[in-house]
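Below is start_30.cif, holding mmCIF, C-alpha atoms.
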```
data_upload
#
loop_
_atom_site.label_atom_id
_atom_site.label_comp_id
_atom_site.auth_asym_id
_atom_site.auth_seq_id
_atom_site.Cartn_x
_atom_site.Cartn_y
_atom_site.Cartn_z
CA MET A 1 -18.41 -18.75 -143.59
CA ASP A 2 -16.56 -16.05 -141.62
CA ASP A 3 -13.31 -18.03 -141.90
CA LEU A 4 -14.00 -18.48 -145.58
CA GLU A 5 -14.33 -14.73 -146.04
CA LYS A 6 -10.91 -14.25 -144.43
CA GLU A 7 -9.41 -16.77 -146.81
CA LEU A 8 -11.01 -15.11 -149.80
CA ASN A 9 -9.57 -11.67 -149.07
CA PRO A 10 -6.14 -11.36 -150.77
CA ARG A 11 -3.16 -9.87 -149.04
CA GLU A 12 -2.24 -6.35 -150.06
CA ASP A 13 1.20 -5.35 -151.37
CA MET A 14 3.72 -3.63 -149.13
CA GLU A 15 3.38 -0.46 -151.18
CA ASN A 16 -0.31 -0.29 -150.41
CA ASP A 17 0.49 -0.81 -146.71
CA ASP A 18 2.76 2.23 -146.80
CA ASP A 19 0.01 4.29 -148.41
CA ASP A 20 -2.45 3.06 -145.79
CA ASP A 21 -0.08 4.15 -143.01
CA ALA A 22 -0.03 7.65 -144.45
CA ASP A 23 -3.81 7.65 -144.76
CA ASP A 24 -4.13 6.42 -141.17
CA SER A 25 -2.05 9.31 -139.90
CA CYS A 26 -4.33 11.73 -141.73
CA ASP A 27 -7.40 9.97 -140.35
CA ASN A 28 -6.02 10.11 -136.82
CA SER A 29 -5.43 13.84 -137.05
CA SER A 30 -8.91 14.41 -138.47
CA ARG A 31 -10.44 12.38 -135.63
CA LYS A 32 -8.65 14.56 -133.11
CA GLU A 33 -10.30 17.53 -134.77
CA GLY A 34 -13.70 15.99 -134.11
CA SER A 35 -14.54 14.40 -137.47
CA SER A 36 -16.70 11.23 -137.59
CA PHE A 37 -15.07 7.80 -137.44
CA LYS A 38 -14.45 6.25 -140.87
CA LEU A 39 -14.80 2.50 -141.42
CA ASP A 40 -12.62 0.70 -143.94
CA LEU A 41 -14.41 -0.41 -147.09
CA ILE A 42 -14.69 -4.12 -147.78
CA GLN A 43 -12.18 -5.15 -150.43
CA PRO A 44 -13.21 -7.36 -153.36
CA ILE A 45 -12.48 -11.03 -152.74
CA CYS A 46 -10.07 -11.23 -155.66
CA GLN A 47 -8.63 -8.05 -157.11
CA LYS A 48 -7.36 -7.66 -160.61
CA THR A 49 -3.58 -7.83 -160.73
CA LEU A 50 -1.25 -5.69 -162.79
CA HIS A 51 -0.05 -8.48 -165.09
CA GLU A 52 -3.25 -10.52 -165.23
CA ASN A 53 -3.64 -12.82 -168.24
CA GLY A 54 -6.78 -14.42 -169.59
CA PHE A 55 -6.51 -17.49 -167.36
CA HIS A 56 -6.13 -15.48 -164.18
CA GLN A 57 -9.04 -13.27 -165.15
CA SER A 58 -11.22 -16.33 -165.67
CA VAL A 59 -10.41 -17.92 -162.31
CA ARG A 60 -10.85 -14.56 -160.55
CA LEU A 61 -14.33 -14.15 -161.98
CA CYS A 62 -15.08 -17.81 -161.26
CA LEU A 63 -14.21 -17.28 -157.59
CA GLU A 64 -16.57 -14.31 -157.49
CA TYR A 65 -19.38 -16.49 -158.88
CA ILE A 66 -18.63 -19.25 -156.36
CA ARG A 67 -18.78 -16.78 -153.51
CA GLU A 68 -22.07 -15.37 -154.72
CA ALA A 69 -23.61 -18.84 -155.12
CA MET A 70 -22.47 -19.96 -151.65
CA LEU A 71 -23.77 -16.83 -149.95
CA HIS A 72 -27.20 -17.57 -151.43
CA HIS A 73 -26.96 -21.34 -150.76
CA ARG A 74 -27.05 -22.25 -154.44
CA TRP A 75 -24.88 -25.31 -153.92
CA LEU A 76 -25.46 -26.97 -157.30
CA GLU A 77 -24.37 -23.82 -159.07
CA ALA A 78 -21.38 -23.42 -156.74
CA ALA A 79 -20.28 -26.99 -157.50
CA GLU A 80 -20.34 -26.34 -161.25
CA TYR A 81 -18.15 -23.26 -160.89
CA MET A 82 -15.86 -25.08 -158.46
CA ALA A 83 -15.14 -27.77 -161.04
CA SER A 84 -13.64 -25.03 -163.23
CA TYR A 85 -11.95 -23.05 -160.48
CA ALA A 86 -9.91 -26.09 -159.37
CA GLN A 87 -7.73 -25.45 -162.46
CA ILE A 88 -5.94 -22.84 -160.31
CA LEU A 89 -4.04 -25.77 -158.77
CA GLU A 90 -2.31 -26.32 -162.12
CA ASP A 91 -1.13 -22.71 -162.35
CA ARG A 92 2.64 -22.48 -162.62
CA VAL A 93 2.86 -18.76 -163.34
CA ASN A 94 1.13 -17.21 -160.35
CA LEU A 95 3.59 -17.19 -157.45
CA THR A 96 0.71 -17.07 -154.95
CA ALA A 97 -0.82 -20.34 -156.18
CA GLN A 98 0.17 -22.06 -152.91
CA GLN A 99 -2.26 -19.92 -150.88
CA TYR A 100 -5.15 -21.04 -153.11
CA LYS A 101 -4.64 -24.73 -152.34
CA GLU A 102 -6.18 -24.46 -148.89
CA LEU A 103 -8.88 -22.24 -150.38
CA VAL A 104 -9.85 -24.94 -152.88
CA TRP A 105 -9.84 -27.57 -150.13
CA ARG A 106 -12.05 -25.55 -147.77
CA ILE A 107 -14.53 -24.40 -150.42
CA SER A 108 -14.82 -27.85 -152.01
CA THR A 109 -15.62 -29.63 -148.73
CA GLU A 110 -18.06 -26.87 -147.73
CA ILE A 111 -19.94 -27.30 -151.00
CA LEU A 112 -20.01 -31.10 -150.62
CA HIS A 113 -21.39 -30.78 -147.07
CA HIS A 114 -24.43 -28.96 -148.48
CA HIS A 115 -24.72 -30.53 -151.93
CA PRO A 116 -27.86 -32.73 -152.07
CA LYS A 117 -26.22 -35.35 -154.30
CA SER A 118 -22.72 -35.59 -152.81
CA THR A 119 -21.33 -39.08 -152.14
CA MET A 120 -18.46 -40.54 -150.15
CA ASP A 121 -16.57 -41.04 -153.40
CA ASP A 122 -16.77 -37.29 -154.08
CA TYR A 123 -15.26 -36.57 -150.67
CA ASN A 124 -12.52 -39.14 -151.15
CA VAL A 125 -11.57 -37.68 -154.54
CA ILE A 126 -11.33 -34.15 -153.13
CA TYR A 127 -9.35 -35.17 -150.04
CA GLU A 128 -6.89 -37.34 -152.00
CA ARG A 129 -6.35 -34.70 -154.66
CA MET A 130 -5.76 -31.95 -152.08
CA LYS A 131 -3.43 -34.09 -149.99
CA HIS A 132 -1.16 -34.59 -153.00
CA SER A 133 -1.39 -31.03 -154.35
CA GLY A 134 1.23 -29.89 -151.83
CA PHE A 135 2.89 -31.06 -148.63
CA LYS A 136 1.95 -28.05 -146.50
CA HIS A 137 -1.54 -29.25 -145.52
CA TYR A 138 -1.09 -33.00 -145.94
CA LEU A 139 -1.46 -33.89 -142.25
CA LYS A 140 -4.40 -31.55 -141.64
CA ILE A 141 -6.28 -32.87 -144.66
CA SER A 142 -5.56 -36.47 -143.67
CA LEU A 143 -6.96 -35.86 -140.18
CA GLU A 144 -10.08 -34.19 -141.56
CA HIS A 145 -10.52 -37.00 -144.06
CA SER A 146 -10.43 -39.57 -141.26
CA PHE A 147 -12.98 -37.54 -139.25
CA HIS A 148 -15.36 -37.64 -142.20
CA LEU A 149 -14.93 -41.40 -142.55
CA MET A 150 -15.53 -41.83 -138.81
CA LEU A 151 -18.75 -39.84 -139.00
CA HIS A 152 -19.99 -42.28 -141.64
CA GLY A 153 -19.05 -45.34 -139.61
CA GLN A 154 -16.05 -46.34 -141.73
CA ILE A 155 -13.72 -46.92 -138.78
CA GLU A 156 -11.29 -49.27 -140.54
CA ALA A 157 -10.92 -46.90 -143.50
CA ALA A 158 -10.39 -43.96 -141.15
CA LYS A 159 -7.68 -45.86 -139.29
CA GLN A 160 -5.95 -46.67 -142.57
CA LYS A 161 -5.83 -42.99 -143.54
CA LEU A 162 -4.40 -42.07 -140.14
CA SER A 163 -1.78 -44.82 -140.38
CA GLU A 164 -0.69 -43.47 -143.77
CA ALA A 165 -0.47 -39.95 -142.38
CA GLU A 166 1.42 -41.17 -139.31
CA SER A 167 4.21 -42.60 -141.46
CA TRP A 168 4.31 -39.59 -143.82
CA ARG A 169 7.49 -37.48 -143.80
CA HIS A 170 8.64 -34.50 -145.85
CA GLY A 171 11.92 -32.74 -145.28
CA LYS A 172 12.97 -31.60 -141.81
CA GLU A 173 10.17 -32.04 -139.29
CA THR A 174 8.87 -28.73 -137.91
CA THR A 175 7.30 -28.17 -134.52
CA SER A 176 3.83 -27.90 -136.02
CA GLN A 177 4.34 -31.14 -137.99
CA TYR A 178 5.50 -32.90 -134.82
CA GLN A 179 2.42 -31.74 -132.89
CA MET A 180 0.09 -32.73 -135.71
CA THR A 181 1.76 -36.16 -135.95
CA LYS A 182 1.20 -36.69 -132.20
CA LEU A 183 -2.45 -35.76 -132.62
CA ILE A 184 -2.81 -38.20 -135.51
CA GLN A 185 -1.19 -40.96 -133.41
CA ALA A 186 -3.67 -40.24 -130.62
CA TYR A 187 -6.68 -40.51 -132.92
CA ARG A 188 -5.32 -43.64 -134.55
CA SER A 189 -5.01 -45.18 -131.10
CA LEU A 190 -8.56 -44.09 -130.31
CA LEU A 191 -9.75 -45.95 -133.40
CA ASP A 192 -7.79 -49.01 -132.26
CA TYR A 193 -9.68 -48.75 -128.99
CA ILE A 194 -13.04 -48.46 -130.78
CA ILE A 195 -12.28 -51.55 -132.91
CA TRP A 196 -11.14 -53.47 -129.81
CA TYR A 197 -14.24 -52.45 -127.85
CA GLU A 198 -16.61 -53.40 -130.66
CA LYS A 199 -14.95 -56.79 -131.09
CA LYS A 200 -15.02 -57.35 -127.33
CA SER A 201 -18.74 -56.56 -127.24
CA MET A 202 -19.49 -58.93 -130.13
CA LEU A 203 -17.34 -61.80 -128.89
CA SER A 204 -18.04 -61.64 -125.14
CA GLY A 205 -21.27 -63.63 -125.55
CA ASN A 206 -19.88 -65.83 -128.28
CA ASP A 207 -18.05 -69.16 -128.15
CA SER A 208 -15.40 -67.78 -130.50
CA PHE A 209 -14.16 -65.31 -127.90
CA GLU A 210 -11.22 -67.49 -126.86
CA SER A 211 -10.26 -68.32 -130.45
CA ASP A 212 -9.96 -64.62 -131.29
CA SER A 213 -8.09 -63.72 -128.11
CA GLN A 214 -4.83 -63.16 -130.01
CA GLY A 215 -6.48 -60.61 -132.30
CA MET A 216 -8.01 -58.89 -129.29
CA GLN A 217 -4.60 -58.70 -127.64
CA ASN A 218 -3.11 -57.08 -130.73
CA TYR A 219 -5.76 -54.36 -130.82
CA TYR A 220 -5.42 -53.88 -127.06
CA ARG A 221 -1.65 -53.49 -127.26
CA GLN A 222 -1.76 -51.10 -130.23
CA ALA A 223 -4.31 -48.87 -128.54
CA SER A 224 -2.94 -48.92 -124.99
CA ILE A 225 0.66 -48.05 -125.87
CA ASN A 226 -0.15 -44.75 -127.58
CA LEU A 227 -3.05 -43.87 -125.29
CA LYS A 228 -0.69 -44.15 -122.34
CA GLU A 229 1.85 -41.98 -124.12
CA ILE A 230 -0.73 -39.16 -124.28
CA LEU A 231 -0.07 -38.47 -120.60
CA SER A 232 3.42 -37.27 -121.56
CA ASN A 233 1.83 -34.49 -123.64
CA PRO A 234 -0.16 -32.22 -121.26
CA GLY A 235 -3.49 -31.04 -122.64
CA VAL A 236 -7.22 -31.76 -122.64
CA TRP A 237 -7.52 -35.41 -123.69
CA ASP A 238 -10.92 -36.42 -122.28
CA PRO A 239 -12.06 -39.14 -124.73
CA PHE A 240 -8.56 -40.62 -124.92
CA ILE A 241 -8.14 -40.84 -121.14
CA LEU A 242 -11.58 -42.39 -120.72
CA SER A 243 -10.77 -44.99 -123.37
CA TYR A 244 -7.49 -45.90 -121.71
CA VAL A 245 -9.12 -46.21 -118.28
CA THR A 246 -11.82 -48.47 -119.75
CA MET A 247 -9.10 -50.77 -121.12
CA LEU A 248 -7.30 -50.83 -117.78
CA GLU A 249 -10.52 -51.65 -115.97
CA PHE A 250 -11.13 -54.49 -118.41
CA LYS A 251 -7.72 -55.91 -117.45
CA GLU A 252 -8.58 -55.25 -113.79
CA ASP A 253 -5.55 -53.02 -113.43
CA GLN A 254 -7.25 -50.72 -110.92
CA GLU A 255 -4.02 -49.28 -109.57
CA GLU A 256 -2.83 -48.06 -112.98
CA ALA A 257 -6.28 -46.67 -113.84
CA LEU A 258 -6.41 -44.69 -110.60
CA GLU A 259 -2.89 -43.38 -111.17
CA VAL A 260 -3.83 -42.19 -114.68
CA LEU A 261 -6.94 -40.37 -113.45
CA ASN A 262 -5.11 -38.77 -110.54
CA LYS A 263 -2.36 -37.50 -112.81
CA TYR A 264 -4.89 -36.16 -115.31
CA ALA A 265 -6.76 -34.33 -112.55
CA TYR A 266 -3.99 -33.07 -110.28
CA ASP A 267 -0.77 -32.85 -112.30
CA ASP A 268 0.11 -29.15 -112.57
CA SER A 269 1.46 -29.63 -116.09
CA PHE A 270 -2.11 -30.25 -117.32
CA PRO A 271 -4.51 -27.30 -117.69
CA PRO A 272 -7.37 -27.04 -115.14
CA ASN A 273 -10.08 -29.37 -116.39
CA PRO A 274 -13.34 -29.96 -114.47
CA ASN A 275 -14.01 -33.11 -116.50
CA ALA A 276 -10.84 -34.70 -115.12
CA HIS A 277 -12.29 -34.49 -111.59
CA VAL A 278 -15.66 -35.77 -112.80
CA PHE A 279 -13.95 -38.83 -114.33
CA LEU A 280 -12.00 -39.46 -111.12
CA TYR A 281 -15.13 -39.14 -108.98
CA GLN A 282 -17.11 -41.50 -111.19
CA TYR A 283 -14.28 -44.04 -111.10
CA LEU A 284 -14.00 -43.88 -107.30
CA LYS A 285 -17.77 -44.20 -106.95
CA ARG A 286 -17.81 -47.27 -109.22
CA HIS A 287 -15.21 -48.92 -107.02
CA ASP A 288 -16.89 -48.08 -103.69
CA ALA A 289 -14.35 -45.57 -102.46
CA SER A 290 -14.76 -43.98 -99.04
CA GLN A 291 -16.86 -40.85 -98.57
CA LYS A 292 -13.72 -38.98 -97.55
CA LYS A 293 -12.11 -39.60 -100.96
CA LEU A 294 -15.32 -38.73 -102.80
CA LYS A 295 -15.71 -35.47 -100.88
CA ARG A 296 -12.09 -34.50 -101.59
CA VAL A 297 -12.60 -34.83 -105.34
CA LEU A 298 -15.93 -32.98 -105.30
CA LYS A 299 -14.41 -30.21 -103.21
CA THR A 300 -12.00 -29.43 -106.04
CA LEU A 301 -14.79 -29.66 -108.60
CA HIS A 302 -16.85 -27.24 -106.49
CA PHE A 303 -13.97 -24.76 -106.63
CA LEU A 304 -13.75 -25.08 -110.43
CA VAL A 305 -17.47 -25.30 -111.31
CA PRO A 306 -19.76 -24.43 -108.37
CA SER A 307 -22.83 -24.87 -110.58
CA HIS A 308 -21.99 -28.45 -111.60
CA GLU A 309 -24.82 -30.98 -111.25
CA LEU A 310 -22.59 -33.21 -109.11
CA MET A 311 -22.79 -30.57 -106.39
CA LEU A 312 -26.09 -32.17 -105.37
CA GLU A 313 -24.18 -35.37 -104.59
CA TYR A 314 -21.52 -33.31 -102.81
CA PHE A 315 -24.28 -31.77 -100.69
CA SER A 316 -25.62 -35.21 -99.76
CA LEU A 317 -22.17 -36.45 -98.74
CA LEU A 318 -21.60 -33.38 -96.58
CA LEU A 319 -24.97 -33.76 -94.89
CA GLN A 320 -24.35 -37.45 -94.18
CA SER A 321 -21.09 -36.79 -92.34
CA GLY A 322 -22.87 -35.35 -89.31
CA SER A 323 -20.18 -32.76 -88.48
CA LYS A 324 -21.04 -29.12 -87.99
CA LYS A 325 -18.29 -28.01 -90.37
CA ASP A 326 -19.67 -30.19 -93.16
CA HIS A 327 -23.23 -28.99 -92.51
CA GLN A 328 -22.03 -25.41 -92.91
CA LYS A 329 -20.17 -26.38 -96.08
CA ALA A 330 -23.40 -27.94 -97.40
CA VAL A 331 -25.16 -24.56 -97.04
CA GLU A 332 -22.32 -22.88 -98.94
CA VAL A 333 -22.52 -25.44 -101.75
CA VAL A 334 -26.26 -24.97 -102.28
CA LEU A 335 -26.06 -21.17 -102.07
CA ASP A 336 -23.31 -21.25 -104.69
CA MET A 337 -25.53 -23.34 -106.96
CA LEU A 338 -28.40 -20.88 -106.58
CA ASP A 339 -26.10 -18.04 -107.61
CA PHE A 340 -26.54 -19.40 -111.14
CA ALA A 341 -29.75 -18.89 -113.10
CA CYS A 342 -29.76 -22.48 -114.35
CA TRP A 343 -30.74 -23.69 -110.84
CA ARG A 344 -33.10 -20.83 -110.01
CA SER A 345 -36.33 -22.82 -110.44
CA ASN A 346 -35.04 -26.22 -109.36
CA LEU A 347 -37.17 -27.54 -106.50
CA ASP A 348 -34.59 -30.14 -105.41
CA VAL A 349 -31.90 -27.50 -104.86
CA TRP A 350 -34.23 -25.29 -102.83
CA LYS A 351 -35.26 -28.27 -100.73
CA CYS A 352 -31.58 -29.00 -100.11
CA LEU A 353 -31.12 -25.45 -98.89
CA GLN A 354 -34.18 -25.78 -96.68
CA ASN A 355 -32.90 -29.05 -95.15
CA SER A 356 -29.40 -27.71 -94.59
CA ILE A 357 -30.62 -24.59 -92.79
CA GLN A 358 -32.97 -26.66 -90.66
CA ASN A 359 -29.98 -28.80 -89.63
CA LEU A 360 -28.00 -25.69 -88.73
CA GLN A 361 -30.85 -24.34 -86.60
CA THR A 362 -30.34 -27.18 -84.13
CA GLY A 363 -27.00 -25.65 -83.16
CA GLU A 364 -25.83 -22.27 -81.92
CA ASP A 365 -24.77 -19.21 -83.92
CA TRP A 366 -26.50 -20.44 -87.08
CA LYS A 367 -27.94 -16.97 -87.73
CA SER A 368 -24.53 -15.33 -87.75
CA PHE A 369 -23.21 -17.97 -90.15
CA VAL A 370 -26.10 -17.52 -92.61
CA GLU A 371 -25.84 -13.75 -92.29
CA GLU A 372 -22.13 -13.94 -93.15
CA LYS A 373 -22.79 -16.03 -96.27
CA MET A 374 -25.64 -13.76 -97.40
CA ALA A 375 -23.71 -10.52 -96.80
CA VAL A 376 -22.07 -10.65 -100.25
CA ARG A 377 -25.41 -11.54 -101.84
CA LYS A 378 -27.84 -9.16 -100.17
CA GLU A 379 -27.66 -6.55 -102.95
CA TRP A 380 -28.48 -8.85 -105.86
CA TRP A 381 -29.83 -12.18 -104.55
CA PRO A 382 -33.39 -10.92 -103.86
CA ALA A 383 -33.58 -9.60 -107.42
CA LEU A 384 -32.46 -12.99 -108.71
CA HIS A 385 -34.96 -15.06 -106.72
CA TYR A 386 -37.47 -13.00 -104.75
CA THR A 387 -39.27 -10.52 -106.98
CA LYS A 388 -42.99 -10.21 -107.58
CA PHE A 389 -42.45 -11.72 -111.03
CA HIS A 390 -40.81 -14.81 -109.51
CA ALA A 391 -43.69 -15.20 -107.06
CA MET A 392 -46.30 -15.07 -109.82
CA LYS A 393 -44.28 -17.46 -112.00
CA ASP A 394 -43.70 -19.94 -109.18
CA SER A 395 -47.34 -19.85 -108.08
CA GLU A 396 -48.45 -20.75 -111.61
CA GLU A 397 -45.78 -23.30 -112.52
CA ASN A 398 -44.68 -24.83 -109.21
CA PRO A 399 -46.69 -23.95 -106.06
CA GLU A 400 -44.50 -26.24 -103.94
CA LEU A 401 -41.42 -24.25 -104.95
CA LEU A 402 -43.23 -21.08 -103.93
CA LYS A 403 -43.79 -22.42 -100.41
CA VAL A 404 -40.22 -23.70 -100.00
CA LYS A 405 -38.67 -20.42 -101.12
CA ALA A 406 -41.04 -18.38 -98.94
CA SER A 407 -40.15 -20.45 -95.87
CA LEU A 408 -36.49 -19.42 -96.29
CA ILE A 409 -37.01 -15.65 -96.49
CA SER A 410 -36.81 -15.09 -92.74
CA ALA A 411 -33.50 -16.98 -92.57
CA LEU A 412 -31.88 -15.57 -95.70
CA CYS A 413 -33.19 -11.99 -95.73
CA PRO A 414 -34.46 -11.29 -92.18
CA ASP A 415 -34.18 -7.49 -92.42
CA ARG A 416 -35.94 -7.03 -95.75
CA THR A 417 -39.58 -6.95 -96.80
CA LEU A 418 -39.73 -8.69 -100.13
CA LYS A 419 -42.51 -8.48 -102.69
CA TYR A 420 -42.22 -12.26 -103.03
CA SER A 421 -43.71 -12.83 -99.56
CA VAL A 422 -46.40 -10.20 -100.18
CA GLU A 423 -47.40 -11.96 -103.38
CA LEU A 424 -47.46 -15.27 -101.49
CA GLU A 425 -49.97 -13.88 -99.02
CA SER A 426 -52.20 -12.65 -101.85
CA CYS A 427 -52.01 -16.06 -103.51
CA GLN A 428 -53.06 -17.77 -100.29
CA GLU A 429 -55.99 -15.42 -99.88
#
```
Translate the structure of the given file into structure tokens.
Amino acid sequence: MDDLEKELNPREDMENDDDDDADDSCDNSSRKEGSSFKLDLIQPICQKTLHENGFHQSVRLCLEYIREAMLHHRWLEAAEYMASYAQILEDRVNLTAQQYKELVWRISTEILHHHPKSTMDDYNVIYERMKHSGFKHYLKISLEHSFHLMLHGQIEAAKQKLSEAESWRHGKETTSQYQMTKLIQAYRSLLDYIIWYEKKSMLSGNDSFESDSQGMQNYYRQASINLKEILSNPGVWDPFILSYVTMLEFKEDQEEALEVLNKYAYDDSFPPNPNAHVFLYQYLKRHDASQKKLKRVLKTLHFLVPSHELMLEYFSLLLQSGSKKDHQKAVEVVLDMLDFACWRSNLDVWKCLQNSIQNLQTGEDWKSFVEEKMAVRKEWWPALHYTKFHAMKDSEENPELLKVKASLISALCPDRTLKYSVELESCQE
């Protein structure tokens, strides 16, 4: 609704802007003199124009009624007014009619989303009418139309709409049109993948699988070509990359799949994306990669998202290595996880910390290492984990967590007397 309010507010004339600049200078001088700050008044959603005729007055009032009905969730009433307001699209006098086309599109779909009796036919009528009311928003509306069809399971119909939009051209192609066309191609390819995957699932246990192999190949080829091309356009393409990797795995092209995932995760032209490293790790784990490769991927993920749930697996891999350096890294990983409130009451994470410190205690200089890691935390960590409130909460909800956390106080905070340990003693008594 906030975006809708922005659309509803008309742009002011340049003359009014000049007057506002003069007023602003007066306001600034008055503020310097110590006067109270003045907020701008909210402008009406559709102001009366100087040369307004009867038609324009009617549609202006109609828009006011639509706004009022939508704000109070009276969707049936809003739909009735909207049927009349759509006449603004036929206006040939008002030079600003173009700006109302997107307004009609946005308001109409919003009303249909909430209308108790809306049907798919209603959506299709609105989308088709708005697509052909002007070329400016054709691609955007086509993409949104396909999304709506996808949400209702009409995959073939959604693909058809995207194919039509993909071949659409109007005048000289702008940068924004080019980018939108690439996005439409990507989603069309994703739908090709969905159709291919569904057919593969249905035919894999069926005798007709071989007879339909040619059709499967066609869907595979259509989807794979454009999904592969996505890698030439850096961005966040998670569902598209996963789909392409699934197709490559089906063809047992492990080398290409690994190359795609590595490029998506480590190519500097792509923005930092934790999911890319998650996908690479999951792929390597599925194909029984070495612990060294798994740890390398999780190390990068730890740098990007130290609170990620896969850090528990990273901890296990570090502990299994047996080296002192990895054991120290395991302590760092768990401490980083506990810096986040989402892990504060997780018994498994605290047990990991307990095990890792116990492993360190078998060697020398473990106290200095723990002290170094806790130095940056000593001012705020006790307040995050070791207050009287935490002790009471843990004793009621998870007594085992209370014991594990208390056993670590002497190692983590040796020079401090915490209320957590005092409360533990009272609970034991």
With all atoms listed in the file as the counted atoms, please give the residues lying no more than 12 Å from Ser290 (chain A), apart from itself and same-chain residues fewer than 5 positions off, as JSON, numbers by chain.
{"A": [281, 284, 285, 295, 296, 297, 317, 321]}
Fewer than 3 positions away in the same chain doesn't count, so skip those; otherwise give me all residues within 7 Å of Val404 (chain A), counting only C-alpha atoms, as a ChimeraX atom specification.
/A:350-351,400-401,407-408
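Running the PyMOL selection byres ((chain A and resi 333-344) around 9) on this file leaves His302, Pro306, Ser307, His308, Glu309, Met311, Leu312, Tyr314, Phe315, Gln328, Lys329, Ala330, Val331, Glu332, Ser345, Asn346, Leu347, Val349, Trp350, Cys352, Leu353, Ser356, Lys373, Met374, Arg377, Trp381, Leu384 and His385 of chain A selected.
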Residues matched by the PyMOL selection byres ((chain A and resi 231) around 12) as a tab-separated table (two decimals) with C-alpha atoms, keeping the file's coordinate frame:
```
chain	number	residue	atom	x	y	z
A	182	LYS	CA	1.20	-36.69	-132.20
A	186	ALA	CA	-3.67	-40.24	-130.62
A	224	SER	CA	-2.94	-48.92	-124.99
A	225	ILE	CA	0.66	-48.05	-125.87
A	226	ASN	CA	-0.15	-44.75	-127.58
A	227	LEU	CA	-3.05	-43.87	-125.29
A	228	LYS	CA	-0.69	-44.15	-122.34
A	229	GLU	CA	1.85	-41.98	-124.12
A	230	ILE	CA	-0.73	-39.16	-124.28
A	232	SER	CA	3.42	-37.27	-121.56
A	233	ASN	CA	1.83	-34.49	-123.64
A	234	PRO	CA	-0.16	-32.22	-121.26
A	235	GLY	CA	-3.49	-31.04	-122.64
A	236	VAL	CA	-7.22	-31.76	-122.64
A	237	TRP	CA	-7.52	-35.41	-123.69
A	238	ASP	CA	-10.92	-36.42	-122.28
A	240	PHE	CA	-8.56	-40.62	-124.92
A	241	ILE	CA	-8.14	-40.84	-121.14
A	244	TYR	CA	-7.49	-45.90	-121.71
A	259	GLU	CA	-2.89	-43.38	-111.17
A	260	VAL	CA	-3.83	-42.19	-114.68
A	261	LEU	CA	-6.94	-40.37	-113.45
A	262	ASN	CA	-5.11	-38.77	-110.54
A	263	LYS	CA	-2.36	-37.50	-112.81
A	264	TYR	CA	-4.89	-36.16	-115.31
A	265	ALA	CA	-6.76	-34.33	-112.55
A	267	ASP	CA	-0.77	-32.85	-112.30
A	269	SER	CA	1.46	-29.63	-116.09
A	270	PHE	CA	-2.11	-30.25	-117.32
```
Counting all atoms listed in the file, find the residues whose atoms lie at most 10 Å from (5.4, -37.1, -144.1) (file coordinates) and write them out as a count of residues only.
16
Which residues are near Ile155 (chain A)? Cut-off 7 Å, only C-alpha atoms, ignore same chain within fewer than 5 positions. Put them as number ranges by chain.
A: 149-150, 191
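Between His327 (chain A) and the candidates A:Gln361, A:Ala223, A:Met120, A:Thr417, the tightest atom-to-atom separation, counting all atoms listed in the file, involves A:Gln361.
Residues in contact with Asp415 (chain A) at 12 Å, where only C-alpha atoms are counted and same-chain residues fewer than 6 positions away are skipped, are listed as Glu371, Met374, Ala375, Lys378, Pro382 and Ile409 of chain A.
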Given the file shown, enumerate the residues that the PyMOL selection byres ((chain A and resi 67) around 10) captures and present them as a list in words.
Leu4, Glu5, Leu8, Ile45, Leu61, Cys62, Leu63, Glu64, Tyr65, Ile66, Glu68, Ala69, Met70, Leu71, His72, His73, Arg74, Ala78, Tyr81 and Ile107 of chain A
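Put simply, CA of Val245 (chain A) is 21.8 Å away from CA of Gln291 (chain A).
With CA of Asn275 (chain A) on one side and CA of Tyr197 (chain A) on the other, the separation reads 22.4 Å.
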As an mmCIF file, in the coordinates of the input, could you write out region 381-385 of chain A once it has been completed with N, CA, C and O atoms?
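Everything below was put into rebuild-v3.cif:
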```cif
data_model
loop_
_atom_site.group_PDB
_atom_site.id
_atom_site.type_symbol
_atom_site.label_atom_id
_atom_site.label_comp_id
_atom_site.auth_asym_id
_atom_site.auth_seq_id
_atom_site.Cartn_x
_atom_site.Cartn_y
_atom_site.Cartn_z
ATOM 1 N N TRP A 381 -29.136 -10.895 -104.665
ATOM 2 C CA TRP A 381 -29.830 -12.180 -104.550
ATOM 3 C C TRP A 381 -31.351 -12.035 -104.557
ATOM 4 O O TRP A 381 -32.035 -12.808 -105.223
ATOM 5 N N PRO A 382 -31.928 -11.074 -103.812
ATOM 6 C CA PRO A 382 -33.390 -10.920 -103.860
ATOM 7 C C PRO A 382 -33.913 -10.663 -105.265
ATOM 8 O O PRO A 382 -34.970 -11.161 -105.651
ATOM 9 N N ALA A 383 -33.142 -9.880 -106.051
ATOM 10 C CA ALA A 383 -33.580 -9.600 -107.420
ATOM 11 C C ALA A 383 -33.474 -10.832 -108.308
ATOM 12 O O ALA A 383 -34.203 -10.958 -109.298
ATOM 13 N N LEU A 384 -32.611 -11.769 -107.934
ATOM 14 C CA LEU A 384 -32.460 -12.990 -108.710
ATOM 15 C C LEU A 384 -33.532 -14.019 -108.386
ATOM 16 O O LEU A 384 -33.925 -14.804 -109.254
ATOM 17 N N HIS A 385 -34.048 -13.992 -107.151
ATOM 18 C CA HIS A 385 -34.960 -15.060 -106.720
ATOM 19 C C HIS A 385 -36.294 -14.581 -106.139
ATOM 20 O O HIS A 385 -37.265 -15.338 -106.185
#
```
